[in-house]
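Enquirer: Following this line is structure-v1.csv, made up of CSV, N, CA and C atoms:
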```csv
chain,number,residue,atom,x,y,z
A,171,MET,N,20.9,-23.6,-34.7
A,171,MET,CA,20.6,-24.1,-33.4
A,171,MET,C,19.1,-23.8,-33.2
A,172,ILE,N,18.3,-24.8,-32.8
A,172,ILE,CA,16.9,-24.6,-32.5
A,172,ILE,C,16.7,-24.0,-31.1
A,173,GLU,N,15.6,-23.4,-30.9
A,173,GLU,CA,15.3,-22.6,-29.7
A,173,GLU,C,15.5,-23.5,-28.4
A,174,SER,N,15.1,-24.7,-28.4
A,174,SER,CA,15.2,-25.5,-27.2
A,174,SER,C,16.7,-25.8,-26.9
A,175,GLU,N,17.5,-26.0,-27.9
A,175,GLU,CA,19.0,-26.1,-27.7
A,175,GLU,C,19.6,-24.9,-27.2
A,176,LEU,N,19.2,-23.7,-27.8
A,176,LEU,CA,19.7,-22.4,-27.3
A,176,LEU,C,19.3,-22.2,-25.9
A,177,LEU,N,18.1,-22.5,-25.5
A,177,LEU,CA,17.7,-22.4,-24.1
A,177,LEU,C,18.5,-23.2,-23.1
A,178,LYS,N,18.8,-24.5,-23.5
A,178,LYS,CA,19.7,-25.4,-22.7
A,178,LYS,C,21.1,-24.8,-22.6
A,179,LEU,N,21.6,-24.3,-23.7
A,179,LEU,CA,23.0,-23.7,-23.6
A,179,LEU,C,23.0,-22.5,-22.7
A,180,THR,N,21.9,-21.6,-22.9
A,180,THR,CA,21.8,-20.4,-22.1
A,180,THR,C,21.8,-20.8,-20.6
A,181,ASN,N,21.0,-21.8,-20.2
A,181,ASN,CA,20.9,-22.2,-18.8
A,181,ASN,C,22.2,-22.7,-18.3
A,182,LYS,N,23.0,-23.4,-19.1
A,182,LYS,CA,24.3,-23.9,-18.7
A,182,LYS,C,25.3,-22.7,-18.5
A,183,VAL,N,25.3,-21.8,-19.4
A,183,VAL,CA,26.1,-20.6,-19.3
A,183,VAL,C,25.8,-19.9,-18.0
A,184,ASP,N,24.5,-19.6,-17.8
A,184,ASP,CA,24.0,-18.9,-16.5
A,184,ASP,C,24.5,-19.7,-15.3
A,185,ALA,N,24.3,-21.0,-15.3
A,185,ALA,CA,24.8,-21.8,-14.1
A,185,ALA,C,26.3,-21.7,-13.9
A,186,ALA,N,27.0,-21.7,-15.0
A,186,ALA,CA,28.5,-21.6,-14.8
A,186,ALA,C,28.9,-20.3,-14.3
A,187,LEU,N,28.3,-19.2,-14.8
A,187,LEU,CA,28.6,-17.9,-14.3
A,187,LEU,C,28.3,-17.7,-12.9
A,188,ILE,N,27.2,-18.2,-12.4
A,188,ILE,CA,26.8,-18.1,-11.0
A,188,ILE,C,27.8,-18.9,-10.2
A,189,LYS,N,28.1,-20.1,-10.7
A,189,LYS,CA,29.1,-20.9,-9.9
A,189,LYS,C,30.4,-20.2,-9.8
A,190,TRP,N,30.9,-19.6,-10.8
A,190,TRP,CA,32.2,-18.9,-10.7
A,190,TRP,C,32.2,-17.7,-9.8
A,191,ILE,N,31.0,-17.0,-9.8
A,191,ILE,CA,30.9,-15.9,-8.9
A,191,ILE,C,31.0,-16.3,-7.5
A,192,ASP,N,30.3,-17.4,-7.2
A,192,ASP,CA,30.3,-18.0,-5.8
A,192,ASP,C,31.6,-18.6,-5.5
A,193,GLN,N,32.2,-19.4,-6.3
A,193,GLN,CA,33.5,-20.1,-6.0
A,193,GLN,C,34.6,-19.1,-5.8
A,194,HIS,N,34.7,-18.1,-6.6
A,194,HIS,CA,35.8,-17.1,-6.6
A,194,HIS,C,35.5,-15.9,-5.8
A,195,LYS,N,34.3,-15.8,-5.2
A,195,LYS,CA,33.9,-14.6,-4.4
A,195,LYS,C,34.2,-13.3,-5.2
A,196,ILE,N,33.7,-13.3,-6.4
A,196,ILE,CA,34.0,-12.2,-7.3
A,196,ILE,C,32.7,-11.5,-7.8
A,197,ASP,N,32.7,-10.3,-8.1
A,197,ASP,CA,31.5,-9.6,-8.4
A,197,ASP,C,31.1,-9.9,-9.9
A,198,PRO,N,29.8,-9.8,-10.3
A,198,PRO,CA,29.4,-10.2,-11.6
A,198,PRO,C,30.1,-9.4,-12.7
A,199,LEU,N,30.4,-8.1,-12.4
A,199,LEU,CA,31.0,-7.3,-13.5
A,199,LEU,C,32.4,-7.8,-13.8
A,200,SER,N,33.1,-8.2,-12.8
A,200,SER,CA,34.5,-8.8,-13.0
A,200,SER,C,34.4,-10.1,-13.8
A,201,VAL,N,33.4,-10.9,-13.4
A,201,VAL,CA,33.3,-12.2,-14.2
A,201,VAL,C,32.9,-11.8,-15.7
A,202,SER,N,32.1,-10.8,-15.9
A,202,SER,CA,31.8,-10.4,-17.2
A,202,SER,C,33.0,-10.0,-18.0
A,203,ALA,N,33.9,-9.2,-17.3
A,203,ALA,CA,35.1,-8.7,-18.0
A,203,ALA,C,36.0,-9.9,-18.4
A,204,VAL,N,36.1,-10.9,-17.5
A,204,VAL,CA,36.9,-12.1,-17.8
A,204,VAL,C,36.3,-12.8,-18.9
A,205,ALA,N,35.0,-13.0,-18.9
A,205,ALA,CA,34.4,-13.8,-20.0
A,205,ALA,C,34.5,-13.1,-21.3
A,206,ILE,N,34.3,-11.8,-21.4
A,206,ILE,CA,34.4,-11.0,-22.6
A,206,ILE,C,35.9,-11.0,-23.1
A,207,ALA,N,36.8,-10.9,-22.2
A,207,ALA,CA,38.2,-11.0,-22.6
A,207,ALA,C,38.6,-12.3,-23.2
A,208,ARG,N,38.1,-13.4,-22.6
A,208,ARG,CA,38.4,-14.7,-23.1
A,208,ARG,C,37.7,-14.9,-24.5
A,209,MET,N,36.5,-14.5,-24.6
A,209,MET,CA,35.8,-14.6,-25.9
A,209,MET,C,36.5,-13.8,-27.0
A,210,THR,N,37.0,-12.6,-26.6
A,210,THR,CA,37.8,-11.8,-27.6
A,210,THR,C,39.0,-12.6,-28.0
A,211,LEU,N,39.7,-13.2,-27.1
A,211,LEU,CA,40.9,-13.9,-27.5
A,211,LEU,C,40.5,-15.1,-28.4
A,212,LEU,N,39.4,-15.8,-28.0
A,212,LEU,CA,39.0,-16.9,-28.8
A,212,LEU,C,38.7,-16.5,-30.2
A,213,CYS,N,37.9,-15.4,-30.3
A,213,CYS,CA,37.5,-14.9,-31.7
A,213,CYS,C,38.7,-14.5,-32.4
A,214,ASP,N,39.7,-13.8,-31.8
A,214,ASP,CA,41.0,-13.4,-32.4
A,214,ASP,C,41.7,-14.7,-33.0
A,215,SER,N,41.7,-15.7,-32.2
A,215,SER,CA,42.4,-16.9,-32.7
A,215,SER,C,41.7,-17.6,-33.9
A,216,LEU,N,40.4,-17.3,-34.0
A,216,LEU,CA,39.7,-17.9,-35.1
A,216,LEU,C,39.6,-16.9,-36.3
A,217,GLY,N,40.2,-15.7,-36.1
A,217,GLY,CA,40.2,-14.8,-37.2
A,217,GLY,C,38.9,-13.9,-37.3
A,218,ILE,N,38.1,-13.9,-36.3
A,218,ILE,CA,36.9,-13.1,-36.3
A,218,ILE,C,36.8,-12.1,-35.2
A,219,GLY,N,38.0,-11.7,-34.7
A,219,GLY,CA,38.1,-10.8,-33.6
A,219,GLY,C,37.4,-9.4,-33.9
A,220,GLU,N,37.7,-8.9,-35.1
A,220,GLU,CA,37.1,-7.6,-35.5
A,220,GLU,C,35.6,-7.7,-35.5
A,221,GLU,N,35.0,-8.8,-36.1
A,221,GLU,CA,33.6,-8.9,-36.1
A,221,GLU,C,33.0,-9.0,-34.7
A,222,PHE,N,33.7,-9.7,-33.8
A,222,PHE,CA,33.3,-9.8,-32.4
A,222,PHE,C,33.3,-8.4,-31.7
A,223,ARG,N,34.3,-7.6,-32.0
A,223,ARG,CA,34.4,-6.3,-31.4
A,223,ARG,C,33.3,-5.4,-31.9
A,224,LYS,N,33.0,-5.5,-33.2
A,224,LYS,CA,31.9,-4.7,-33.8
A,224,LYS,C,30.5,-5.2,-33.2
A,225,PHE,N,30.4,-6.5,-33.0
A,225,PHE,CA,29.2,-7.0,-32.3
A,225,PHE,C,29.0,-6.4,-30.9
A,226,CYS,N,30.1,-6.4,-30.1
A,226,CYS,CA,30.1,-5.9,-28.8
A,226,CYS,C,29.7,-4.4,-28.8
A,227,LEU,N,30.2,-3.6,-29.7
A,227,LEU,CA,29.8,-2.2,-29.8
A,227,LEU,C,28.4,-2.1,-30.1
A,228,GLU,N,27.9,-2.9,-31.1
A,228,GLU,CA,26.5,-2.8,-31.5
A,228,GLU,C,25.6,-3.2,-30.3
A,229,VAL,N,25.9,-4.2,-29.7
A,229,VAL,CA,25.0,-4.7,-28.5
A,229,VAL,C,25.1,-3.7,-27.4
A,230,GLY,N,26.3,-3.1,-27.2
A,230,GLY,CA,26.4,-2.1,-26.1
A,230,GLY,C,25.7,-0.8,-26.3
A,231,ASN,N,25.3,-0.5,-27.5
A,231,ASN,CA,24.6,0.7,-27.8
A,231,ASN,C,23.1,0.5,-27.9
A,232,LYS,N,22.6,-0.7,-27.6
A,232,LYS,CA,21.2,-0.9,-27.6
A,232,LYS,C,20.6,-0.7,-26.2
A,233,PRO,N,19.4,-0.3,-26.1
A,233,PRO,CA,18.8,-0.2,-24.7
A,233,PRO,C,18.6,-1.5,-24.0
A,234,VAL,N,18.7,-1.5,-22.7
A,234,VAL,CA,18.5,-2.7,-21.9
A,234,VAL,C,17.1,-3.3,-22.1
A,235,PRO,N,17.0,-4.6,-22.5
A,235,PRO,CA,15.7,-5.2,-22.7
A,235,PRO,C,14.9,-5.4,-21.3
A,236,ASP,N,13.6,-5.5,-21.4
A,236,ASP,CA,12.8,-5.8,-20.2
A,236,ASP,C,13.2,-7.1,-19.7
A,237,GLN,N,13.7,-7.2,-18.4
A,237,GLN,CA,14.1,-8.4,-17.8
A,237,GLN,C,13.0,-9.3,-17.3
A,238,ASN,N,11.8,-8.9,-17.4
A,238,ASN,CA,10.7,-9.7,-16.9
A,238,ASN,C,10.3,-10.8,-17.9
A,239,GLY,N,10.7,-10.6,-19.1
A,239,GLY,CA,10.4,-11.7,-20.1
A,239,GLY,C,11.5,-12.7,-20.2
A,240,VAL,N,11.4,-13.6,-21.0
A,240,VAL,CA,12.4,-14.7,-21.2
A,240,VAL,C,13.6,-14.0,-22.0
A,241,VAL,N,14.8,-14.1,-21.5
A,241,VAL,CA,15.9,-13.6,-22.2
A,241,VAL,C,16.9,-14.7,-22.4
A,242,HIS,N,17.2,-14.9,-23.7
A,242,HIS,CA,18.2,-15.9,-24.0
A,242,HIS,C,18.9,-15.6,-25.3
```
Please, can you express the file's structure as structure tokens?
Expert:
Amino acid sequence: MIESELLKLTNKVDAALIKWIDQHKIDPLSVSAVAIARMTLLCDSLGIGEEFRKFCLEVGNKPVPDQNGVVH
């Protein structure tokens, strides 16, 4: 996936998350939990659940990046 396509996808995901937060009057952490749970089930169904879990642990152990730059 080229960077411009990745940026478009990122923007769509961001818009969907914001829409769900607003529509359901739910906090961002709860939406994150739902999204991660659904991604876990999806990855499990594709046989890559263990890799996804390892990825989540790896990402979770990294420092938070500077949010002033472009993040995608």
Enquirer: Have a look at CA of Met209 (chain A) and CA of Val229 (chain A) and let me know their distance in Å, one decimal.
Expert: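 So the two atoms, CA of Met209 (chain A) and CA of Val229 (chain A), lie 14.9 Å apart.
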Enquirer: Assign secondary structure with DSSP using the backbone only, and return the residues of region 181-241 of chain A in alpha helix (DSSP H) as a ChimeraX atom specification.
Expert: /A:181-194,198-215,219-230
Enquirer: Take the residues just selected and output them with N, CA and C atoms as a compact mmCIF listing (two decimals), in the frame of the given file.
Expert:
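Written out: out_26.txt:
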```txt
# COMPACT_ATOMS: atom_id res chain seq x y z
N ASN A 181 21.00 -21.80 -20.20
CA ASN A 181 20.90 -22.20 -18.80
C ASN A 181 22.20 -22.70 -18.30
N LYS A 182 23.00 -23.40 -19.10
CA LYS A 182 24.30 -23.90 -18.70
C LYS A 182 25.30 -22.70 -18.50
N VAL A 183 25.30 -21.80 -19.40
CA VAL A 183 26.10 -20.60 -19.30
C VAL A 183 25.80 -19.90 -18.00
N ASP A 184 24.50 -19.60 -17.80
CA ASP A 184 24.00 -18.90 -16.50
C ASP A 184 24.50 -19.70 -15.30
N ALA A 185 24.30 -21.00 -15.30
CA ALA A 185 24.80 -21.80 -14.10
C ALA A 185 26.30 -21.70 -13.90
N ALA A 186 27.00 -21.70 -15.00
CA ALA A 186 28.50 -21.60 -14.80
C ALA A 186 28.90 -20.30 -14.30
N LEU A 187 28.30 -19.20 -14.80
CA LEU A 187 28.60 -17.90 -14.30
C LEU A 187 28.30 -17.70 -12.90
N ILE A 188 27.20 -18.20 -12.40
CA ILE A 188 26.80 -18.10 -11.00
C ILE A 188 27.80 -18.90 -10.20
N LYS A 189 28.10 -20.10 -10.70
CA LYS A 189 29.10 -20.90 -9.90
C LYS A 189 30.40 -20.20 -9.80
N TRP A 190 30.90 -19.60 -10.80
CA TRP A 190 32.20 -18.90 -10.70
C TRP A 190 32.20 -17.70 -9.80
N ILE A 191 31.00 -17.00 -9.80
CA ILE A 191 30.90 -15.90 -8.90
C ILE A 191 31.00 -16.30 -7.50
N ASP A 192 30.30 -17.40 -7.20
CA ASP A 192 30.30 -18.00 -5.80
C ASP A 192 31.60 -18.60 -5.50
N GLN A 193 32.20 -19.40 -6.30
CA GLN A 193 33.50 -20.10 -6.00
C GLN A 193 34.60 -19.10 -5.80
N HIS A 194 34.70 -18.10 -6.60
CA HIS A 194 35.80 -17.10 -6.60
C HIS A 194 35.50 -15.90 -5.80
N PRO A 198 29.80 -9.80 -10.30
CA PRO A 198 29.40 -10.20 -11.60
C PRO A 198 30.10 -9.40 -12.70
N LEU A 199 30.40 -8.10 -12.40
CA LEU A 199 31.00 -7.30 -13.50
C LEU A 199 32.40 -7.80 -13.80
N SER A 200 33.10 -8.20 -12.80
CA SER A 200 34.50 -8.80 -13.00
C SER A 200 34.40 -10.10 -13.80
N VAL A 201 33.40 -10.90 -13.40
CA VAL A 201 33.30 -12.20 -14.20
C VAL A 201 32.90 -11.80 -15.70
N SER A 202 32.10 -10.80 -15.90
CA SER A 202 31.80 -10.40 -17.20
C SER A 202 33.00 -10.00 -18.00
N ALA A 203 33.90 -9.20 -17.30
CA ALA A 203 35.10 -8.70 -18.00
C ALA A 203 36.00 -9.90 -18.40
N VAL A 204 36.10 -10.90 -17.50
CA VAL A 204 36.90 -12.10 -17.80
C VAL A 204 36.30 -12.80 -18.90
N ALA A 205 35.00 -13.00 -18.90
CA ALA A 205 34.40 -13.80 -20.00
C ALA A 205 34.50 -13.10 -21.30
N ILE A 206 34.30 -11.80 -21.40
CA ILE A 206 34.40 -11.00 -22.60
C ILE A 206 35.90 -11.00 -23.10
N ALA A 207 36.80 -10.90 -22.20
CA ALA A 207 38.20 -11.00 -22.60
C ALA A 207 38.60 -12.30 -23.20
N ARG A 208 38.10 -13.40 -22.60
CA ARG A 208 38.40 -14.70 -23.10
C ARG A 208 37.70 -14.90 -24.50
N MET A 209 36.50 -14.50 -24.60
CA MET A 209 35.80 -14.60 -25.90
C MET A 209 36.50 -13.80 -27.00
N THR A 210 37.00 -12.60 -26.60
CA THR A 210 37.80 -11.80 -27.60
C THR A 210 39.00 -12.60 -28.00
N LEU A 211 39.70 -13.20 -27.10
CA LEU A 211 40.90 -13.90 -27.50
C LEU A 211 40.50 -15.10 -28.40
N LEU A 212 39.40 -15.80 -28.00
CA LEU A 212 39.00 -16.90 -28.80
C LEU A 212 38.70 -16.50 -30.20
N CYS A 213 37.90 -15.40 -30.30
CA CYS A 213 37.50 -14.90 -31.70
C CYS A 213 38.70 -14.50 -32.40
N ASP A 214 39.70 -13.80 -31.80
CA ASP A 214 41.00 -13.40 -32.40
C ASP A 214 41.70 -14.70 -33.00
N SER A 215 41.70 -15.70 -32.20
CA SER A 215 42.40 -16.90 -32.70
C SER A 215 41.70 -17.60 -33.90
N GLY A 219 38.00 -11.70 -34.70
CA GLY A 219 38.10 -10.80 -33.60
C GLY A 219 37.40 -9.40 -33.90
N GLU A 220 37.70 -8.90 -35.10
CA GLU A 220 37.10 -7.60 -35.50
C GLU A 220 35.60 -7.70 -35.50
N GLU A 221 35.00 -8.80 -36.10
CA GLU A 221 33.60 -8.90 -36.10
C GLU A 221 33.00 -9.00 -34.70
N PHE A 222 33.70 -9.70 -33.80
CA PHE A 222 33.30 -9.80 -32.40
C PHE A 222 33.30 -8.40 -31.70
N ARG A 223 34.30 -7.60 -32.00
CA ARG A 223 34.40 -6.30 -31.40
C ARG A 223 33.30 -5.40 -31.90
N LYS A 224 33.00 -5.50 -33.20
CA LYS A 224 31.90 -4.70 -33.80
C LYS A 224 30.50 -5.20 -33.20
N PHE A 225 30.40 -6.50 -33.00
CA PHE A 225 29.20 -7.00 -32.30
C PHE A 225 29.00 -6.40 -30.90
N CYS A 226 30.10 -6.40 -30.10
CA CYS A 226 30.10 -5.90 -28.80
C CYS A 226 29.70 -4.40 -28.80
N LEU A 227 30.20 -3.60 -29.70
CA LEU A 227 29.80 -2.20 -29.80
C LEU A 227 28.40 -2.10 -30.10
N GLU A 228 27.90 -2.90 -31.10
CA GLU A 228 26.50 -2.80 -31.50
C GLU A 228 25.60 -3.20 -30.30
N VAL A 229 25.90 -4.20 -29.70
CA VAL A 229 25.00 -4.70 -28.50
C VAL A 229 25.10 -3.70 -27.40
N GLY A 230 26.30 -3.10 -27.20
CA GLY A 230 26.40 -2.10 -26.10
C GLY A 230 25.70 -0.80 -26.30
```
Enquirer: Box for region 182-200 of chain A - axis-aligned, 4 Å on each of the six sides, all listed atoms - centre and size in Å to one decimal, as lines of an AutoDock Vina configuration file.
Expert:
```
center_x = 29.4
center_y = -15.6
center_z = -11.9
size_x = 20.8
size_y = 24.6
size_z = 23.0
```
Enquirer: Would you mind reading off the distance between CA of Glu175 (chain A) and atom C of Ile191 (chain A), one decimal, in Å?
Expert: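 Interatomic distance, CA of Glu175 (chain A) to atom C of Ile191 (chain A): 25.5 Å.
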Enquirer: If we count only C-alpha atoms and set the cut-off at 10 Å, which residues sit around Thr210 (chain A), ignoring sequence neighbours fewer than 5 positions away in its own chain? Please answer as number ranges by chain.
Expert: A: 204-205, 215-216, 218-223, 226
Enquirer: Can you measure atom C of Ile196 (chain A) to CA of Asp184 (chain A) for me? One decimal in Å is fine.
Expert: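 A separation of 14.4 Å between them.
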Enquirer: Find the residues around Ile188 (chain A) up to 9 Å (only C-alpha atoms counted), leave out those fewer than 5 positions away in its own chain, and share them as a ChimeraX atom specification.
Expert: /A:183,193,198
